[in-house]
>>> print(open('final.csv').read())   # CSV, C-alpha atoms
chain,number,residue,atom,x,y,z
J,295,MET,CA,36.2,15.8,-69.2
J,296,ILE,CA,35.7,13.8,-66.0
J,297,TYR,CA,34.6,17.0,-64.2
J,298,ALA,CA,32.1,17.6,-66.9
J,299,VAL,CA,30.7,14.1,-66.3
J,300,ILE,CA,30.4,14.8,-62.5
J,301,LEU,CA,28.7,18.1,-63.1
J,302,VAL,CA,26.2,16.7,-65.7
J,303,CYS,CA,25.3,13.7,-63.5
J,304,ALA,CA,24.9,15.9,-60.4
J,305,VAL,CA,22.8,18.5,-62.3
J,306,VAL,CA,20.5,15.9,-63.9
J,307,ILE,CA,19.9,14.0,-60.6
J,308,GLY,CA,19.3,17.2,-58.7
J,309,TYR,CA,16.9,18.5,-61.4
J,310,THR,CA,14.9,15.3,-61.6
J,311,TYR,CA,14.2,15.0,-57.8
J,312,LEU,CA,14.4,18.6,-56.7
J,313,GLY,CA,14.5,21.0,-59.6
J,314,TYR,CA,11.4,19.8,-61.5
J,315,PRO,CA,9.2,19.7,-58.4
J,316,VAL,CA,10.4,23.3,-57.5
J,317,LEU,CA,9.6,24.4,-61.1
J,318,LEU,CA,6.0,23.1,-60.7
J,319,TRP,CA,5.7,24.7,-57.3
J,320,VAL,CA,6.9,28.1,-58.7
J,321,LEU,CA,4.5,27.9,-61.7
J,322,ASN,CA,1.6,27.2,-59.3
J,323,ARG,CA,2.6,30.1,-57.1
J,324,LEU,CA,2.8,32.4,-60.2
J,325,GLY,CA,-0.8,31.3,-61.1
J,326,VAL,CA,0.2,29.6,-64.4
J,327,LYS,CA,-2.9,27.6,-65.3
J,328,ASP,CA,-3.8,25.4,-68.2
J,329,ASN,CA,-7.2,24.1,-67.0
J,330,GLN,CA,-10.8,25.3,-67.3
J,331,GLU,CA,-13.4,24.2,-64.8
J,332,ALA,CA,-16.7,23.0,-66.2
J,333,SER,CA,-19.8,21.2,-64.9
J,334,PHE,CA,-22.3,18.8,-66.2
J,335,GLY,CA,-25.0,20.5,-64.1
J,336,ASP,CA,-27.9,18.1,-63.9
J,337,GLN,CA,-27.1,16.3,-67.1
J,338,TRP,CA,-24.4,13.8,-66.1
J,339,PRO,CA,-23.2,11.4,-68.8
J,340,SER,CA,-23.9,7.7,-68.7
J,341,ALA,CA,-21.0,5.7,-67.2
J,342,THR,CA,-19.9,2.1,-67.0
J,343,LEU,CA,-17.6,0.9,-64.2
J,344,VAL,CA,-15.4,-1.8,-65.9
J,345,ILE,CA,-13.8,-4.4,-63.6
J,346,PRO,CA,-11.4,-7.0,-65.0
J,347,VAL,CA,-11.4,-10.3,-63.2
J,348,HIS,CA,-9.2,-13.4,-63.2
J,349,ASN,CA,-10.0,-15.9,-60.5
J,350,GLY,CA,-11.5,-13.3,-58.1
J,351,GLU,CA,-13.9,-15.6,-56.3
J,352,THR,CA,-12.7,-14.5,-52.8
J,353,VAL,CA,-13.0,-10.7,-53.4
J,354,LEU,CA,-16.1,-10.4,-55.6
J,355,ARG,CA,-18.8,-10.4,-52.9
J,356,GLN,CA,-17.0,-7.5,-51.3
J,357,LYS,CA,-16.6,-5.8,-54.7
J,358,LEU,CA,-20.4,-6.1,-55.3
J,359,ALA,CA,-21.1,-4.6,-51.9
J,360,ASN,CA,-18.7,-1.8,-52.6
J,361,CYS,CA,-20.4,-1.0,-55.9
J,362,ASP,CA,-23.7,-0.9,-54.2
J,363,GLY,CA,-22.5,2.0,-52.1
J,364,LEU,CA,-21.3,4.2,-55.0
J,365,GLN,CA,-23.0,7.5,-55.5
J,366,TYR,CA,-23.6,8.9,-59.0
J,367,GLU,CA,-26.1,11.3,-60.4
J,368,GLY,CA,-26.3,9.9,-63.9
J,369,ASP,CA,-26.9,6.4,-65.3
J,370,LEU,CA,-24.3,4.0,-63.9
J,371,SER,CA,-23.8,0.3,-64.8
J,372,ILE,CA,-21.3,-2.2,-63.7
J,373,LEU,CA,-19.5,-4.6,-66.1
J,374,PHE,CA,-17.3,-7.4,-64.8
J,375,VAL,CA,-14.9,-8.7,-67.5
J,376,LEU,CA,-14.0,-12.3,-66.8
J,377,ASP,CA,-10.6,-13.3,-68.3
J,378,GLY,CA,-10.4,-17.1,-68.4
J,379,CYS,CA,-11.6,-17.6,-64.8
J,380,ASN,CA,-11.5,-21.3,-63.7
J,381,ASP,CA,-12.7,-20.8,-60.1
J,382,GLY,CA,-16.2,-19.7,-58.8
J,383,SER,CA,-16.0,-16.1,-60.0
J,384,GLU,CA,-18.9,-16.4,-62.4
J,385,ALA,CA,-21.1,-18.2,-59.9
J,386,VAL,CA,-20.4,-15.6,-57.2
J,387,LEU,CA,-21.4,-12.8,-59.6
J,388,ARG,CA,-24.5,-14.4,-60.9
J,389,GLU,CA,-25.6,-15.2,-57.3
J,390,GLY,CA,-25.1,-11.5,-56.4
J,391,ILE,CA,-27.0,-10.4,-59.5
J,392,ALA,CA,-29.9,-12.7,-58.7
J,393,GLN,CA,-30.0,-11.5,-55.1
J,394,ASN,CA,-29.8,-7.8,-56.1
J,395,VAL,CA,-26.8,-7.2,-54.0
J,396,CYS,CA,-25.9,-4.1,-56.0
J,397,ARG,CA,-28.5,-1.4,-56.8
J,398,TRP,CA,-26.8,-0.6,-60.1
J,399,PRO,CA,-27.3,-2.8,-63.2
J,400,VAL,CA,-24.6,-5.5,-63.3
J,401,SER,CA,-23.6,-7.5,-66.3
J,402,LEU,CA,-20.9,-10.0,-67.2
J,403,PHE,CA,-18.6,-10.5,-70.2
J,404,ASP,CA,-16.6,-13.8,-70.3
J,405,SER,CA,-13.7,-14.0,-72.7
J,406,GLY,CA,-14.1,-17.8,-72.6
J,407,GLU,CA,-10.3,-18.4,-72.2
J,408,ARG,CA,-7.3,-16.6,-70.8
J,409,VAL,CA,-6.5,-14.0,-73.3
J,410,GLY,CA,-4.9,-11.4,-71.1
J,411,LYS,CA,-6.4,-8.3,-69.3
J,412,GLU,CA,-6.0,-5.9,-72.2
J,413,THR,CA,-7.4,-8.2,-74.8
J,414,ALA,CA,-10.4,-9.2,-72.7
J,415,LEU,CA,-11.1,-5.5,-72.0
J,416,ARG,CA,-11.0,-4.6,-75.6
J,417,GLN,CA,-13.4,-7.4,-76.5
J,418,ALA,CA,-15.8,-6.4,-73.7
J,419,LEU,CA,-15.8,-2.7,-74.5
J,420,GLY,CA,-17.3,-3.5,-77.9
J,421,THR,CA,-20.5,-4.2,-76.0
J,422,VAL,CA,-20.5,-0.9,-74.1
J,423,SER,CA,-22.4,2.2,-75.3
J,424,SER,CA,-22.1,4.6,-72.3
J,425,ASP,CA,-20.4,8.0,-72.6
J,426,VAL,CA,-17.7,7.4,-70.0
J,427,LEU,CA,-15.7,4.4,-69.0
J,428,VAL,CA,-14.4,4.0,-65.4
J,429,PHE,CA,-11.9,1.3,-64.5
J,430,SER,CA,-11.3,-0.4,-61.2
J,431,ASP,CA,-9.6,-3.6,-59.9
J,432,ALA,CA,-11.6,-6.5,-58.5
J,433,ASP,CA,-9.9,-6.3,-55.1
J,434,ALA,CA,-10.2,-2.5,-54.8
J,435,ASP,CA,-12.7,-0.5,-52.8
J,436,PHE,CA,-13.8,2.8,-54.2
J,437,SER,CA,-14.9,5.5,-51.8
J,438,ALA,CA,-18.6,6.3,-52.3
J,439,SER,CA,-17.9,9.5,-54.3
J,440,THR,CA,-15.0,8.2,-56.4
J,441,VAL,CA,-16.9,7.5,-59.7
J,442,ALA,CA,-18.5,11.0,-59.5
J,443,GLU,CA,-15.1,12.5,-58.7
J,444,LEU,CA,-13.6,10.8,-61.7
J,445,VAL,CA,-16.3,11.7,-64.1
J,446,GLY,CA,-16.9,15.3,-63.0
J,447,PRO,CA,-13.8,17.0,-64.6
J,448,LEU,CA,-14.6,15.3,-68.0
J,449,ALA,CA,-17.2,18.1,-68.4
J,450,SER,CA,-14.3,20.2,-69.7
J,451,SER,CA,-13.7,19.7,-73.4
J,452,LYS,CA,-9.9,19.9,-72.5
J,453,VAL,CA,-10.0,16.9,-70.2
J,454,GLY,CA,-10.2,13.4,-71.6
J,455,VAL,CA,-9.0,11.2,-68.7
J,456,CYS,CA,-9.1,11.5,-64.9
J,457,CYS,CA,-7.0,9.4,-62.5
J,458,GLY,CA,-7.6,8.9,-58.8
J,459,ARG,CA,-5.4,8.1,-55.9
J,460,GLU,CA,-4.5,4.5,-54.9
J,461,THR,CA,-3.9,3.6,-51.3
J,462,HIS,CA,-2.9,0.3,-49.9
J,463,VAL,CA,-3.7,-1.5,-46.6
J,464,SER,CA,-2.4,-4.6,-45.0
J,465,SER,CA,-4.6,-7.5,-44.0
J,466,ALA,CA,-4.8,-5.9,-40.6
J,467,GLY,CA,-6.2,-2.8,-42.1
J,468,ALA,CA,-3.3,-0.5,-41.5
J,469,GLY,CA,-1.6,1.5,-44.2
J,470,ALA,CA,1.2,-0.8,-45.4
J,471,GLY,CA,1.6,-0.5,-49.1
J,472,GLU,CA,4.0,1.6,-51.1
J,473,GLY,CA,1.2,4.1,-51.6
J,474,GLU,CA,1.4,5.1,-48.0
J,475,GLY,CA,5.2,5.7,-47.9
J,476,LEU,CA,7.1,8.9,-48.1
J,477,PHE,CA,8.0,8.3,-51.7
J,478,TYR,CA,4.4,8.2,-52.8
J,479,ARG,CA,3.5,11.2,-50.8
J,480,TYR,CA,6.3,13.0,-52.7
J,481,GLU,CA,4.9,11.5,-56.0
J,482,ASN,CA,1.3,12.5,-55.2
J,483,GLN,CA,2.5,16.1,-54.4
J,484,ILE,CA,4.1,16.3,-57.8
J,485,LYS,CA,0.8,15.1,-59.4
J,486,GLU,CA,-1.1,17.8,-57.5
J,487,TRP,CA,1.2,20.5,-58.6
J,488,GLN,CA,0.8,19.2,-62.2
J,489,ILE,CA,-3.0,19.6,-62.1
J,490,PRO,CA,-3.2,23.3,-63.2
J,491,ILE,CA,0.1,23.1,-65.2
J,492,CYS,CA,0.1,20.1,-67.5
J,493,SER,CA,-1.3,16.7,-68.3
J,494,MET,CA,-0.3,13.7,-66.1
J,495,THR,CA,2.4,11.7,-67.7
J,496,TYR,CA,0.8,8.4,-67.3
J,497,VAL,CA,-2.6,6.8,-66.3
J,498,GLN,CA,-3.2,5.2,-62.8
J,499,GLY,CA,-4.6,1.9,-64.3
J,500,GLY,CA,-6.6,0.8,-61.3
J,501,VAL,CA,-8.7,4.0,-60.8
J,502,PHE,CA,-9.3,6.2,-63.8
J,503,SER,CA,-12.1,7.4,-66.1
J,504,ILE,CA,-12.0,8.1,-69.9
J,505,LYS,CA,-14.3,9.4,-72.5
J,506,ARG,CA,-15.3,6.3,-74.4
J,507,GLU,CA,-14.3,7.7,-77.8
J,508,LEU,CA,-10.7,8.2,-76.5
J,509,PHE,CA,-10.0,4.6,-75.5
J,510,PRO,CA,-7.4,3.4,-77.9
J,511,GLU,CA,-8.7,0.9,-80.5
J,512,ARG,CA,-5.3,-0.9,-80.3
J,513,ILE,CA,-2.4,-0.9,-78.0
J,514,LYS,CA,0.8,-2.1,-79.7
J,515,PRO,CA,2.1,-5.3,-78.2
J,516,GLY,CA,4.9,-4.6,-75.7
J,517,CYS,CA,3.6,-1.2,-74.7
J,518,THR,CA,2.1,-0.5,-71.4
J,519,GLN,CA,-1.6,0.5,-71.5
J,520,ASP,CA,-1.2,3.1,-68.8
J,521,GLY,CA,1.3,5.0,-71.0
J,522,VAL,CA,-0.5,4.6,-74.3
J,523,ILE,CA,-3.8,5.9,-73.0
J,524,ALA,CA,-2.1,9.0,-71.6
J,525,PHE,CA,-0.1,9.5,-74.9
J,526,GLU,CA,-3.1,9.0,-77.2
J,527,THR,CA,-5.2,11.4,-75.0
J,528,VAL,CA,-2.6,14.1,-75.3
J,529,LEU,CA,-2.2,13.6,-79.0
J,530,ALA,CA,-6.0,14.0,-79.3
J,531,GLY,CA,-5.6,17.5,-77.7
J,532,GLN,CA,-7.0,16.6,-74.3
J,533,ALA,CA,-5.4,16.2,-70.9
J,534,VAL,CA,-5.0,13.6,-68.2
J,535,ARG,CA,-6.1,15.0,-64.9
J,536,PHE,CA,-5.2,13.9,-61.4
J,537,VAL,CA,-8.1,13.8,-58.9
J,538,PRO,CA,-6.6,13.2,-55.4
J,539,THR,CA,-10.1,13.0,-53.8
J,540,ALA,CA,-11.1,10.0,-55.9
J,541,VAL,CA,-9.7,7.2,-53.7
J,542,SER,CA,-9.3,3.5,-54.4
J,543,THR,CA,-8.1,1.3,-51.5
J,544,GLU,CA,-6.5,-2.1,-52.3
J,545,PRO,CA,-4.9,-4.8,-50.1
J,546,TYR,CA,-1.1,-4.9,-50.1
J,547,LYS,CA,-0.5,-8.6,-50.6
J,548,ILE,CA,2.5,-9.0,-52.8
J,549,THR,CA,6.1,-9.5,-51.6
J,550,VAL,CA,8.9,-7.0,-52.3
J,551,GLY,CA,10.3,-9.6,-54.7
J,552,GLN,CA,7.1,-9.8,-56.6
J,553,ASP,CA,6.8,-6.0,-56.7
J,554,PHE,CA,10.4,-5.8,-57.9
J,555,ALA,CA,9.7,-8.2,-60.8
J,556,ARG,CA,6.5,-6.4,-61.7
J,557,ARG,CA,8.4,-3.1,-61.9
J,558,VAL,CA,11.1,-4.5,-64.1
J,559,ARG,CA,8.3,-5.6,-66.5
J,560,THR,CA,6.5,-2.3,-66.2
J,561,VAL,CA,9.5,-0.2,-67.0
J,562,CYS,CA,10.4,-2.3,-70.0
J,563,ARG,CA,7.0,-1.8,-71.4
J,564,ALA,CA,7.0,1.9,-70.5
J,565,PHE,CA,10.3,2.3,-72.3
J,566,PHE,CA,8.9,0.7,-75.4
J,567,ALA,CA,5.8,2.9,-75.2
J,568,VAL,CA,8.0,6.0,-75.0
J,569,VAL,CA,10.0,4.9,-78.0
J,570,CYS,CA,6.8,4.2,-80.0
J,571,TYR,CA,5.5,7.7,-79.1
J,572,ALA,CA,8.7,9.6,-79.6
J,573,LYS,CA,6.8,12.2,-81.6
J,574,LEU,CA,5.5,13.6,-78.4
J,575,PHE,CA,8.9,15.3,-77.9
J,576,LEU,CA,8.8,16.8,-81.4
J,577,LEU,CA,5.3,17.9,-82.3
J,578,PRO,CA,4.6,21.6,-81.5
J,579,HIS,CA,1.3,21.0,-79.7
J,580,THR,CA,2.9,18.4,-77.4
J,581,LEU,CA,6.3,19.9,-76.7
J,582,TRP,CA,5.2,21.1,-73.2
J,583,TYR,CA,3.8,17.6,-72.4
J,584,GLY,CA,7.0,16.1,-73.8
J,585,PHE,CA,9.1,18.3,-71.5
J,586,ASN,CA,7.1,17.1,-68.5
J,587,LEU,CA,7.2,13.5,-69.6
J,588,MET,CA,11.0,13.8,-69.9
J,589,SER,CA,11.3,15.5,-66.5
J,590,HIS,CA,8.8,13.3,-64.5
J,591,ARG,CA,9.3,9.9,-66.1
J,592,VAL,CA,11.9,9.4,-68.7
J,593,LEU,CA,14.8,10.7,-66.7
J,594,ARG,CA,13.8,8.8,-63.6
J,595,TRP,CA,13.1,5.5,-65.3
J,596,PHE,CA,15.9,5.3,-67.8
J,597,PHE,CA,18.8,7.7,-66.9
J,598,ILE,CA,19.0,8.3,-63.2
J,599,PRO,CA,20.2,4.8,-62.2
J,600,LEU,CA,22.9,5.1,-64.8
J,601,PHE,CA,23.8,8.6,-63.7
J,602,PHE,CA,24.2,7.5,-60.1
J,603,VAL,CA,26.7,4.8,-61.2
J,604,MET,CA,28.5,7.2,-63.5
J,605,LEU,CA,28.8,9.9,-60.8
J,606,VAL,CA,30.4,7.5,-58.3
J,607,ALA,CA,32.8,6.1,-60.9
J,608,ALA,CA,33.8,9.6,-62.0
J,609,ILE,CA,34.5,10.8,-58.4
J,610,LEU,CA,36.5,7.6,-57.8
J,611,GLY,CA,38.4,8.4,-61.0
J,612,VAL,CA,39.3,11.9,-59.8
J,613,GLY,CA,40.4,10.8,-56.3
J,614,THR,CA,42.2,14.1,-55.5
J,615,HIS,CA,39.3,16.3,-54.3
J,616,PRO,CA,38.1,15.3,-50.8
J,617,GLU,CA,35.1,17.6,-51.1
J,618,LEU,CA,33.8,15.4,-54.0
J,619,TRP,CA,34.0,12.4,-51.7
J,620,LEU,CA,31.1,14.0,-49.7
J,621,LEU,CA,28.9,13.0,-52.6
J,622,VAL,CA,30.1,9.4,-52.4
J,623,ALA,CA,29.7,9.4,-48.7
J,624,ALA,CA,26.1,10.7,-49.1
J,625,GLN,CA,25.3,7.9,-51.5
J,626,VAL,CA,26.9,5.3,-49.3
J,627,GLY,CA,24.9,6.6,-46.4
J,628,PHE,CA,21.7,6.4,-48.4
J,629,ILE,CA,22.5,2.8,-49.3
J,630,VAL,CA,23.2,2.0,-45.6
J,631,LEU,CA,19.7,3.5,-44.8
J,632,ALA,CA,18.2,1.3,-47.5
J,633,VAL,CA,19.8,-1.8,-46.0
J,634,ILE,CA,18.4,-0.8,-42.6
J,635,GLY,CA,15.0,-0.4,-44.2
J,636,TRP,CA,15.3,-3.8,-45.8
J,637,PHE,CA,16.2,-5.4,-42.5
J,638,MET,CA,13.3,-3.7,-40.7
J,639,GLU,CA,10.9,-4.7,-43.4
J,640,SER,CA,12.0,-8.3,-43.1
J,641,GLN,CA,11.2,-8.1,-39.4
J,642,CYS,CA,7.7,-6.8,-40.3
J,643,ARG,CA,8.7,-3.4,-38.8
J,644,ARG,CA,8.9,-0.1,-40.6
J,645,MET,CA,10.7,3.2,-40.1
J,646,LYS,CA,9.8,6.0,-42.5
J,647,ILE,CA,13.2,7.3,-43.5
J,648,PRO,CA,15.0,3.9,-43.9
J,649,TYR,CA,11.9,2.5,-45.7
J,650,PHE,CA,12.0,5.5,-48.1
J,651,ALA,CA,15.6,4.8,-48.9
J,652,TYR,CA,15.0,1.1,-49.2
J,653,TYR,CA,12.0,1.6,-51.6
J,654,PHE,CA,13.9,4.2,-53.6
J,655,VAL,CA,16.8,1.8,-54.2
J,656,ILE,CA,14.3,-1.0,-55.1
J,657,LEU,CA,12.6,1.3,-57.7
J,658,HIS,CA,15.8,2.4,-59.3
J,659,THR,CA,17.5,-1.0,-59.3
J,660,ALA,CA,14.4,-2.4,-61.1
J,661,ALA,CA,14.6,0.5,-63.6
J,662,PHE,CA,18.3,-0.1,-64.1
J,663,ILE,CA,17.8,-3.8,-64.8
J,664,ALA,CA,14.9,-3.0,-67.2
>>> encode(input="final.csv", output="structure tokens")
Amino acid sequence: MIYAVILVCAVVIGYTYLGYPVLLWVLNRLGVKDNQEASFGDQWPSATLVIPVHNGETVLRQKLANCDGLQYEGDLSILFVLDGCNDGSEAVLREGIAQNVCRWPVSLFDSGERVGKETALRQALGTVSSDVLVFSDADADFSASTVAELVGPLASSKVGVCCGRETHVSSAGAGAGEGEGLFYRYENQIKEWQIPICSMTYVQGGVFSIKRELFPERIKPGCTQDGVIAFETVLAGQAVRFVPTAVSTEPYKITVGQDFARRVRTVCRAFFAVVCYAKLFLLPHTLWYGFNLMSHRVLRWFFIPLFFVMLVAAILGVGTHPELWLLVAAQVGFIVLAVIGWFMESQCRRMKIPYFAYYFVILHTAAFIA
């Protein structure tokens, strides 16, 4: 029995981080495709760039300037959604509007009191009539073509949501966020291999577009919006597409501790969303998506941390096969690398491999706690 536990744990861990990416790579090489290219021609849909704001006085002038540089062939408008701001956010925006800082039409929606990002967005979207919604964060800079890149694939009747690529920079301007690490290069490669194969398993909340009619009317309390939007889109028979050329750049300004706490909350909400949408694993038209959701997200979020612990415990329980101890030695070595990565990070220095191990351990510890 204990050998079966070792085998199952090793196979699941290996499949999640190596087997599944290899499967996607093979399907790409075989030319298995599930997408159809389409174009709006010269009839691009109207689009609204929606930007939620809570006390963003210090970043809004830069955001207005960034919006001014956006390129789009259709009608584009900018909507700032103020969620209980008690600083000078509204004054900065109204000053920018009066001075025509942005060449695109800019409007404000004020929730009046702090109601939370999702509630404020839902209230504001009742005033929007454009064909497509594009979402950005107040402290993020879009590349000039990002809106067009996000909207273009929606010309296909099979694509309902498009997600861009987030990058992070330090205050000094150098790549310093998790989005620049080896783990996220690995993650983005998986997303790119998924493009012709299947729908993305979640939405990148700070840089995505969606056909307005697909935006959920309600998100059940406790669920993560990023998951629900992806799930509802797939249930509606459309796909979530990754667009790596649509780039959003944000400052990396949270501590590892803050990032850890955020990830615990995110995984908790993601778990609840998966439970609420368990039918994705059962309905005939979503079975392939459910398989990819299980392979890319569910195993990694909810089972891999437990399987790592079970694998070590099972090997220690056997104790008579030195070759199995190589697995334990590999895991211990990985933890040592993670400790080195943590120490280097605390000294404001970074080495790629130790930082990869460090961030990997942080992610999975947060998932285990969640």
>>> residues_around(input="final.csv", residues="region 650-657 of chain J", least_positions_apart="2", cutoff="9 Å", atoms="all atoms listed in the file", output="PyMOL selection string")
chain J and resi 472+475-477+550+554+557-558+595+628-636+645-648+659-662
>>> atom_distance(input="final.csv", atom1="CA of Ala418 (chain J)", atom2="CA of Val375 (chain J)")
6.7 Å
>>> closest_atom_pairs(input="final.csv", of="region 458-557 of chain J", to="region 567-588 of chain J", cutoff="7 Å", atoms="all atoms listed in the file", output="Markdown table")
| residue | atom | partner | partner_atom | distance |
| --- | --- | --- | --- | --- |
| J:Cys492 | CA | J:Tyr583 | CA | 6.6 |
| J:Ser493 | CA | J:Tyr583 | CA | 6.6 |
| J:Thr495 | CA | J:Leu587 | CA | 5.5 |
| J:Cys517 | CA | J:Ala567 | CA | 4.7 |
| J:Thr518 | CA | J:Ala567 | CA | 6.3 |
| J:Gly521 | CA | J:Ala567 | CA | 6.5 |
| J:Val522 | CA | J:Ala567 | CA | 6.6 |
>>> closest_residue(input="final.csv", among="J:Phe536, J:Phe429, J:Tyr297, J:Trp319", to="Tyr496 (chain J)", atoms="all atoms listed in the file")
J:Phe536
>>> atom_distance(input="final.csv", atom1="CA of Gly325 (chain J)", atom2="CA of Lys452 (chain J)")
18.5 Å
>>> closest_residue(input="final.csv", among="J:Lys485, J:Arg644, J:His348, J:Arg591", to="Cys457 (chain J)", atoms="only C-alpha atoms")
J:Lys485
>>> closest_residue(input="final.csv", among="J:Leu620, J:Ala664, J:Ile523, J:Arg643", to="Thr560 (chain J)", atoms="all atoms listed in the file")
J:Ala664
>>> closest_residue(input="final.csv", among="J:Leu508, J:Ala530, J:Val320, J:Leu301", to="Trp487 (chain J)", atoms="only C-alpha atoms")
J:Val320
>>> closest_residue(input="final.csv", among="J:His462, J:Arg397, J:Lys357, J:Lys505", to="Pro339 (chain J)", atoms="all atoms listed in the file")
J:Lys505
>>> closest_residue(input="final.csv", among="J:Glu351, J:Glu389, J:Asp336, J:Asp362", to="Ala432 (chain J)", atoms="all atoms listed in the file")
J:Glu351
>>> atom_distance(input="final.csv", atom1="CA of Leu605 (chain J)", atom2="CA of Arg479 (chain J)")
27.2 Å
>>> residues_around(input="final.csv", residues="Val537 (chain J)", least_positions_apart="3", cutoff="8 Å", atoms="all atoms listed in the file", output="tab-separated table (two decimals) with C-alpha atoms, in the coordinates of the input")
chain	number	residue	atom	x	y	z
J	443	GLU	CA	-15.10	12.50	-58.70
J	444	LEU	CA	-13.60	10.80	-61.70
J	456	CYS	CA	-9.10	11.50	-64.90
J	457	CYS	CA	-7.00	9.40	-62.50
J	458	GLY	CA	-7.60	8.90	-58.80
J	459	ARG	CA	-5.40	8.10	-55.90
J	540	ALA	CA	-11.10	10.00	-55.90
>>> residues_around(input="final.csv", residues="Val344 (chain J)", least_positions_apart="2", cutoff="8 Å", atoms="all atoms listed in the file", output="list in words")
Thr342, Pro346, Ile372, Leu373, Phe374, Val375, Leu427, Val428, Phe429 and Ser430 of chain J
>>> residues_near_point(input="final.csv", point="(-15.4, -1.6, -79.0)", cutoff="12 Å", atoms="only C-alpha atoms", output="number ranges by chain")
J: 413-424, 427, 506-512
>>> residues_around(input="final.csv", residues="Arg355 (chain J)", least_positions_apart="2", cutoff="8 Å", atoms="all atoms listed in the file", output="list in words")
Glu351, Thr352, Val353, Lys357, Leu358, Ala359, Val386, Leu387 and Gly390 of chain J
